[in-house]
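Source file: upload.txt; contents: compact mmCIF, C-alpha atoms.
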```txt
# COMPACT_ATOMS: atom_id res chain seq x y z
CA MET Z 1 240.71 159.31 98.65
CA LYS Z 2 244.00 160.80 99.89
CA LYS Z 3 242.55 164.29 99.50
CA PHE Z 4 239.47 163.28 101.49
CA VAL Z 5 241.65 161.90 104.26
CA TRP Z 6 243.45 165.20 104.79
CA VAL Z 7 240.48 167.53 104.50
CA ALA Z 8 238.43 165.41 106.87
CA VAL Z 9 241.18 165.62 109.48
CA LEU Z 10 241.75 169.31 108.82
CA PHE Z 11 238.11 170.03 109.54
CA PHE Z 12 237.31 167.64 112.36
CA MET Z 13 240.34 167.08 114.53
CA ALA Z 14 239.37 169.83 116.97
CA GLY Z 15 235.80 170.24 118.23
CA VAL Z 16 233.92 173.40 119.01
CA ALA Z 17 231.87 173.54 122.22
CA GLN Z 18 228.22 173.63 121.33
CA ALA Z 19 226.48 175.19 124.32
CA GLU Z 20 224.21 176.64 121.65
CA MET Z 21 223.66 175.60 118.03
CA VAL Z 22 226.64 176.80 116.01
CA ALA Z 23 225.97 177.68 112.37
CA PRO Z 24 227.54 175.07 110.05
CA ASP Z 25 229.86 177.48 108.24
CA VAL Z 26 230.97 179.01 111.54
CA LEU Z 27 231.63 175.52 112.89
CA VAL Z 28 233.78 174.69 109.87
CA LYS Z 29 235.74 177.94 110.06
CA ASN Z 30 236.38 177.83 113.82
CA THR Z 31 237.33 174.17 113.75
CA ALA Z 32 239.71 174.63 110.81
CA GLN Z 33 241.54 177.39 112.65
CA ASP Z 34 241.87 175.23 115.77
CA VAL Z 35 243.05 172.24 113.74
CA ILE Z 36 245.80 174.13 111.96
CA ALA Z 37 247.08 175.55 115.24
CA ILE Z 38 247.14 172.10 116.88
CA VAL Z 39 248.85 170.33 113.97
CA LYS Z 40 251.52 173.03 113.72
CA GLN Z 41 252.35 172.77 117.41
CA ASP Z 42 252.06 169.04 118.02
CA LYS Z 43 255.27 167.30 116.92
CA ASP Z 44 254.02 163.92 118.18
CA ILE Z 45 251.12 164.04 115.74
CA GLN Z 46 253.38 165.13 112.90
CA SER Z 47 255.78 162.27 113.62
CA GLY Z 48 252.96 159.69 113.60
CA ASP Z 49 252.30 158.89 117.26
CA GLN Z 50 249.46 156.40 116.66
CA LYS Z 51 248.22 156.25 120.24
CA LYS Z 52 247.90 160.02 120.43
CA ILE Z 53 246.39 160.27 116.97
CA LEU Z 54 243.76 157.60 117.65
CA ALA Z 55 242.82 159.29 120.92
CA LEU Z 56 242.30 162.59 119.12
CA VAL Z 57 240.31 160.94 116.35
CA ASP Z 58 238.06 159.23 118.87
CA ALA Z 59 237.54 162.39 120.90
CA LYS Z 60 237.31 165.03 118.18
CA ILE Z 61 236.42 163.48 114.82
CA LEU Z 62 233.80 160.85 115.55
CA PRO Z 63 231.33 163.18 117.32
CA ASN Z 64 231.11 165.33 114.18
CA PHE Z 65 230.11 162.54 111.80
CA ASP Z 66 226.78 160.81 111.39
CA PHE Z 67 228.23 157.39 110.60
CA THR Z 68 224.86 155.67 110.60
CA ARG Z 69 223.50 157.96 107.90
CA MET Z 70 226.76 157.71 105.94
CA THR Z 71 226.62 153.92 106.01
CA GLN Z 72 222.93 153.92 105.12
CA LEU Z 73 223.58 156.08 102.08
CA ALA Z 74 226.63 154.05 101.06
CA ALA Z 75 224.65 150.80 101.29
CA GLY Z 76 221.82 152.31 99.24
CA ARG Z 77 218.74 150.15 98.68
CA TYR Z 78 220.42 147.21 100.39
CA TRP Z 79 220.22 148.99 103.75
CA ARG Z 80 216.51 148.17 103.94
CA GLN Z 81 217.29 144.48 103.42
CA ALA Z 82 219.81 144.32 106.27
CA THR Z 83 218.87 143.00 109.70
CA PRO Z 84 219.45 145.24 112.76
CA GLU Z 85 222.55 143.15 113.56
CA GLN Z 86 223.91 143.56 110.02
CA LYS Z 87 223.26 147.31 110.12
CA ASN Z 88 225.17 147.65 113.40
CA ALA Z 89 228.06 145.61 112.02
CA LEU Z 90 228.20 147.65 108.80
CA VAL Z 91 228.26 150.94 110.69
CA SER Z 92 230.96 149.67 113.06
CA GLU Z 93 233.26 148.35 110.33
CA PHE Z 94 232.71 151.35 108.04
CA ARG Z 95 233.51 153.71 110.90
CA THR Z 96 236.63 151.74 111.82
CA MET Z 97 237.80 151.80 108.21
CA LEU Z 98 237.42 155.58 107.98
CA VAL Z 99 239.04 156.18 111.36
CA ARG Z 100 242.07 154.11 110.37
CA THR Z 101 242.23 156.05 107.12
CA TYR Z 102 242.13 159.39 108.92
CA THR Z 103 245.07 158.51 111.13
CA LYS Z 104 247.35 158.36 108.10
CA ALA Z 105 246.72 162.03 107.36
CA PHE Z 106 248.14 163.61 110.50
CA THR Z 107 251.72 163.42 109.20
CA GLN Z 108 250.80 165.00 105.85
CA TYR Z 109 250.40 168.59 106.99
CA LYS Z 110 252.26 170.94 104.64
CA ASP Z 111 251.05 174.43 105.55
CA GLN Z 112 247.54 173.90 104.17
CA THR Z 113 244.86 176.44 105.02
CA ILE Z 114 241.10 176.38 104.50
CA GLU Z 115 238.87 179.10 103.09
CA VAL Z 116 235.23 178.72 104.14
CA LYS Z 117 232.43 180.16 102.02
CA PRO Z 118 229.35 181.60 103.79
CA ALA Z 119 226.65 178.94 103.87
CA LYS Z 120 223.25 179.73 102.36
CA PHE Z 121 220.49 178.34 104.55
CA SER Z 122 217.47 179.46 106.55
CA PRO Z 123 216.88 178.83 110.28
CA THR Z 124 214.32 176.16 109.40
CA ASP Z 125 216.64 174.17 107.13
CA THR Z 126 217.80 170.81 108.47
CA GLU Z 127 220.38 170.14 105.74
CA THR Z 128 222.95 172.35 104.06
CA THR Z 129 226.28 172.24 102.26
CA VAL Z 130 229.31 174.20 103.42
CA LYS Z 131 231.66 174.95 100.55
CA THR Z 132 235.38 175.35 101.22
CA GLN Z 133 238.70 175.44 99.43
CA ILE Z 134 241.86 173.80 100.71
CA LEU Z 135 244.80 176.07 99.87
CA LYS Z 136 248.37 174.81 99.66
CA PRO Z 137 251.36 177.07 98.93
CA GLY Z 138 252.46 176.56 95.35
CA GLY Z 139 249.58 174.23 94.54
CA GLN Z 140 246.10 174.39 93.05
CA PRO Z 141 243.19 174.86 95.48
CA THR Z 142 240.97 171.86 96.18
CA ASP Z 143 237.21 172.38 96.33
CA VAL Z 144 235.64 170.56 99.27
CA ASP Z 145 231.95 170.53 100.17
CA TYR Z 146 230.72 169.30 103.54
CA VAL Z 147 227.14 168.01 103.34
CA MET Z 148 225.65 168.44 106.79
CA LYS Z 149 222.46 167.65 108.67
CA LYS Z 150 221.19 169.36 111.80
CA SER Z 151 220.79 167.09 114.83
CA ASP Z 152 219.82 167.69 118.44
CA THR Z 153 223.51 168.00 119.31
CA GLY Z 154 224.57 170.21 116.41
CA TRP Z 155 225.38 169.93 112.72
CA LYS Z 156 226.81 166.58 111.57
CA VAL Z 157 228.55 165.68 108.33
CA PHE Z 158 227.17 162.75 106.35
CA ASP Z 159 229.06 163.24 103.09
CA VAL Z 160 232.17 164.99 101.78
CA VAL Z 161 232.36 166.04 98.12
CA ILE Z 162 235.84 166.69 96.76
CA GLU Z 163 236.18 168.26 93.32
CA GLY Z 164 232.64 167.15 92.57
CA VAL Z 165 233.14 163.54 93.72
CA SER Z 166 230.97 162.33 96.60
CA MET Z 167 232.63 160.03 99.11
CA VAL Z 168 229.33 158.30 99.90
CA THR Z 169 228.51 157.77 96.22
CA SER Z 170 231.97 156.33 95.60
CA TYR Z 171 231.54 153.77 98.36
CA ARG Z 172 227.99 152.99 97.23
CA GLY Z 173 229.29 151.59 93.95
CA THR Z 174 231.78 149.33 95.72
CA PHE Z 175 229.32 148.20 98.38
CA SER Z 176 226.52 147.50 95.89
CA SER Z 177 228.78 145.44 93.67
CA GLN Z 178 229.93 143.23 96.53
CA ILE Z 179 226.44 142.80 98.00
CA GLU Z 180 225.05 141.86 94.59
CA GLN Z 181 227.74 139.24 94.15
CA SER Z 182 227.82 137.64 97.57
CA GLY Z 183 225.47 139.34 100.04
CA ILE Z 184 225.59 141.75 102.99
CA ASP Z 185 227.50 139.39 105.28
CA SER Z 186 230.24 139.16 102.65
CA LEU Z 187 230.63 142.95 102.64
CA ILE Z 188 230.78 143.01 106.44
CA LYS Z 189 233.46 140.30 106.42
CA SER Z 190 235.43 142.12 103.73
CA LEU Z 191 235.45 145.34 105.75
CA ALA Z 192 236.32 143.47 108.96
CA ASP Z 193 239.21 141.64 107.24
CA MET Z 194 240.53 144.89 105.81
CA ASN Z 195 240.39 146.57 109.23
CA ALA Z 196 242.10 143.60 110.90
CA LYS Z 197 244.85 143.62 108.28
CA ALA Z 198 245.41 147.35 108.73
CA ALA Z 199 245.65 146.92 112.50
CA THR Z 200 248.18 144.12 112.08
CA LEU Z 201 250.33 146.15 109.71
CA LYS Z 202 250.42 149.05 112.17
CA ALA Z 203 251.35 146.73 115.01
CA ASP Z 204 254.16 145.19 112.96
CA ALA Z 205 255.45 148.65 112.03
CA LYS Z 206 256.01 149.62 115.67
```

For this file, write the structure as structure tokens.
Amino acid sequence: MKKFVWVAVLFFMAGVAQAEMVAPDVLVKNTAQDVIAIVKQDKDIQSGDQKKILALVDAKILPNFDFTRMTQLAAGRYWRQATPEQKNALVSEFRTMLVRTYTKAFTQYKDQTIEVKPAKFSPTDTETTVKTQILKPGGQPTDVDYVMKKSDTGWKVFDVVIEGVSMVTSYRGTFSSQIEQSGIDSLIKSLADMNAKAATLKADAK
């Protein structure tokens, strides 16, 4: 999960203007270059300025994720059983959980770079996977795949696969187990409690 946190931030912290549809691999490459430049130069981010970090996450990361699809896939077959209100609550809490997780990664930059492989897809494809490697001086490379879907506003990520492990699939096991035991509302409450606790801990740390 720690690896996912960093690579997600490395890719998505800076956005690329999409006056026209940008190819997914080009989007990844351009964004990664912008991210590295920003992190290197911004001492406030490196020192853990939460207000600044959260503002950047809200402005630059969220628009590049399809949180509804991510939550739907994580909930699996139980998504169809959820009411519209429960679906909205699940998406909101899941997004908050991931956003709070991302903010922890901004102080972990240690000269990482990203190598983006050319994506193989045709103009008519609506889904593709962009393969990358996270390179760290003196360390082993980390394989990271971004599973993306084309939308009206550009390509959006709905899963991240690190060293063969899908983030969505990992959450699906946890979500399914809790829903089976105590229902969808219990999962929503669990996520909400976890988010509230994380917010309290950050406030106390100031």

Next on the checklist: If we count only C-alpha atoms and set the cut-off at 12 Å, which residues sit around Met194 (chain Z), ignoring sequence neighbours fewer than 2 positions away in its own chain? Please answer as a ChimeraX atom specification.
Outcome noted: /Z:93-94,96-98,100-101,187-192,196-201

Checklist entry - Residues at most 9 Å from Lys136 (chain Z), counting only C-alpha atoms, excluding those fewer than 3 positions away in the same chain, as a ChimeraX atom specification? => result /Z:110-114,139-142

Item to check | Residue among Z:Asp152, Z:Leu135, Z:Val161, Z:Val91 lying closest to Ala75 (chain Z), counting all atoms listed in the file | outcome: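 Between Z:Asp152, Z:Leu135, Z:Val161, Z:Val91, the residue approaching Ala75 (chain Z) most closely is Z:Val91.
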
Checklist entry - Taking only C-alpha atoms into account, which of Z:Val157, Z:Ala59, Z:Ala74, Z:Val39 comes nearest Thr169 (chain Z)? => result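 Among the listed residues, Z:Ala74 lies closest to Thr169 (chain Z).
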
Checklist entry - Taking into account all atoms listed in the file, which residue in the set Z:Tyr146, Z:Tyr171, Z:Phe67, Z:Trp155 is nearest to Lys117 (chain Z)? => result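 The answer is Z:Tyr146, which sits nearest to Lys117 (chain Z).
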
Item to check | Near-Pro118 (chain Z) list (7 Å; only C-alpha atoms; drop same-chain fewer than 2 positions) as a ChimeraX atom specification | outcome: /Z:25,116,120

Same residues, C-alpha atoms, output as a JSON list (two decimals), keeping the file's coordinate frame:
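Saved to selection.json:
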```json
[["chain", "number", "residue", "atom", "x", "y", "z"],
["Z", 25, "ASP", "CA", 229.86, 177.48, 108.24],
["Z", 116, "VAL", "CA", 235.23, 178.72, 104.14],
["Z", 120, "LYS", "CA", 223.25, 179.73, 102.36]]
```

Item to check | Distance criterion (only C-alpha atoms): nearest to Ser151 (chain Z) out of Z:Ser166, Z:Asn64, Z:Asn195, Z:Gln178 | outcome: Z:Asn64

Item to check | Atom pair CA of Pro63 (chain Z) / CA of Lys156 (chain Z): separation (Å) | outcome: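 Pair CA of Pro63 (chain Z) / CA of Lys156 (chain Z) returns 8.1 Å.
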
Incomplete region 49-70 of chain Z brought to N, CA and C atoms, written out as a PDB file, in the frame of the given file:
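This went into part12.pdb:
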```
ATOM      1  N   ASP Z  49     252.596 159.568 116.004  1.00  0.00           N
ATOM      2  CA  ASP Z  49     252.300 158.890 117.260  1.00  0.00           C
ATOM      3  C   ASP Z  49     250.879 158.322 117.187  1.00  0.00           C
ATOM      4  N   GLN Z  50     250.763 157.012 116.918  1.00  0.00           N
ATOM      5  CA  GLN Z  50     249.460 156.400 116.660  1.00  0.00           C
ATOM      6  C   GLN Z  50     248.528 156.446 117.873  1.00  0.00           C
ATOM      7  N   LYS Z  51     249.060 156.233 119.047  1.00  0.00           N
ATOM      8  CA  LYS Z  51     248.220 156.250 120.240  1.00  0.00           C
ATOM      9  C   LYS Z  51     247.586 157.627 120.434  1.00  0.00           C
ATOM     10  N   LYS Z  52     248.392 158.664 120.255  1.00  0.00           N
ATOM     11  CA  LYS Z  52     247.900 160.020 120.430  1.00  0.00           C
ATOM     12  C   LYS Z  52     246.928 160.399 119.313  1.00  0.00           C
ATOM     13  N   ILE Z  53     247.252 159.983 118.114  1.00  0.00           N
ATOM     14  CA  ILE Z  53     246.390 160.270 116.970  1.00  0.00           C
ATOM     15  C   ILE Z  53     245.024 159.616 117.133  1.00  0.00           C
ATOM     16  N   LEU Z  54     245.029 158.327 117.489  1.00  0.00           N
ATOM     17  CA  LEU Z  54     243.760 157.600 117.650  1.00  0.00           C
ATOM     18  C   LEU Z  54     242.912 158.204 118.766  1.00  0.00           C
ATOM     19  N   ALA Z  55     243.561 158.660 119.823  1.00  0.00           N
ATOM     20  CA  ALA Z  55     242.820 159.290 120.920  1.00  0.00           C
ATOM     21  C   ALA Z  55     242.149 160.574 120.453  1.00  0.00           C
ATOM     22  N   LEU Z  56     242.857 161.350 119.644  1.00  0.00           N
ATOM     23  CA  LEU Z  56     242.300 162.590 119.120  1.00  0.00           C
ATOM     24  C   LEU Z  56     241.166 162.317 118.140  1.00  0.00           C
ATOM     25  N   VAL Z  57     241.356 161.304 117.303  1.00  0.00           N
ATOM     26  CA  VAL Z  57     240.310 160.940 116.350  1.00  0.00           C
ATOM     27  C   VAL Z  57     239.036 160.542 117.083  1.00  0.00           C
ATOM     28  N   ASP Z  58     239.211 159.713 118.107  1.00  0.00           N
ATOM     29  CA  ASP Z  58     238.060 159.230 118.870  1.00  0.00           C
ATOM     30  C   ASP Z  58     237.340 160.366 119.585  1.00  0.00           C
ATOM     31  N   ALA Z  59     238.122 161.310 120.106  1.00  0.00           N
ATOM     32  CA  ALA Z  59     237.540 162.390 120.900  1.00  0.00           C
ATOM     33  C   ALA Z  59     236.985 163.528 120.046  1.00  0.00           C
ATOM     34  N   LYS Z  60     237.636 163.817 118.928  1.00  0.00           N
ATOM     35  CA  LYS Z  60     237.310 165.030 118.180  1.00  0.00           C
ATOM     36  C   LYS Z  60     236.649 164.808 116.829  1.00  0.00           C
ATOM     37  N   ILE Z  61     236.962 163.701 116.166  1.00  0.00           N
ATOM     38  CA  ILE Z  61     236.420 163.480 114.820  1.00  0.00           C
ATOM     39  C   ILE Z  61     235.075 162.776 114.855  1.00  0.00           C
ATOM     40  N   LEU Z  62     235.021 161.663 115.573  1.00  0.00           N
ATOM     41  CA  LEU Z  62     233.800 160.850 115.550  1.00  0.00           C
ATOM     42  C   LEU Z  62     232.533 161.601 115.937  1.00  0.00           C
ATOM     43  N   PRO Z  63     232.575 162.486 116.939  1.00  0.00           N
ATOM     44  CA  PRO Z  63     231.330 163.180 117.320  1.00  0.00           C
ATOM     45  C   PRO Z  63     230.760 164.072 116.216  1.00  0.00           C
ATOM     46  N   ASN Z  64     231.558 164.420 115.218  1.00  0.00           N
ATOM     47  CA  ASN Z  64     231.110 165.330 114.180  1.00  0.00           C
ATOM     48  C   ASN Z  64     230.587 164.634 112.929  1.00  0.00           C
ATOM     49  N   PHE Z  65     230.611 163.314 112.924  1.00  0.00           N
ATOM     50  CA  PHE Z  65     230.110 162.540 111.800  1.00  0.00           C
ATOM     51  C   PHE Z  65     228.842 161.793 112.181  1.00  0.00           C
ATOM     52  N   ASP Z  66     227.937 161.679 111.239  1.00  0.00           N
ATOM     53  CA  ASP Z  66     226.780 160.810 111.390  1.00  0.00           C
ATOM     54  C   ASP Z  66     227.093 159.523 110.612  1.00  0.00           C
ATOM     55  N   PHE Z  67     227.785 158.598 111.281  1.00  0.00           N
ATOM     56  CA  PHE Z  67     228.230 157.390 110.600  1.00  0.00           C
ATOM     57  C   PHE Z  67     227.076 156.485 110.197  1.00  0.00           C
ATOM     58  N   THR Z  68     226.003 156.507 110.963  1.00  0.00           N
ATOM     59  CA  THR Z  68     224.860 155.670 110.600  1.00  0.00           C
ATOM     60  C   THR Z  68     224.254 156.139 109.286  1.00  0.00           C
ATOM     61  N   ARG Z  69     224.057 157.430 109.153  1.00  0.00           N
ATOM     62  CA  ARG Z  69     223.500 157.960 107.900  1.00  0.00           C
ATOM     63  C   ARG Z  69     224.474 157.736 106.743  1.00  0.00           C
ATOM     64  N   MET Z  70     225.760 157.932 106.981  1.00  0.00           N
ATOM     65  CA  MET Z  70     226.760 157.710 105.940  1.00  0.00           C
ATOM     66  C   MET Z  70     226.717 156.271 105.439  1.00  0.00           C
TER      67      MET Z  70
END
```
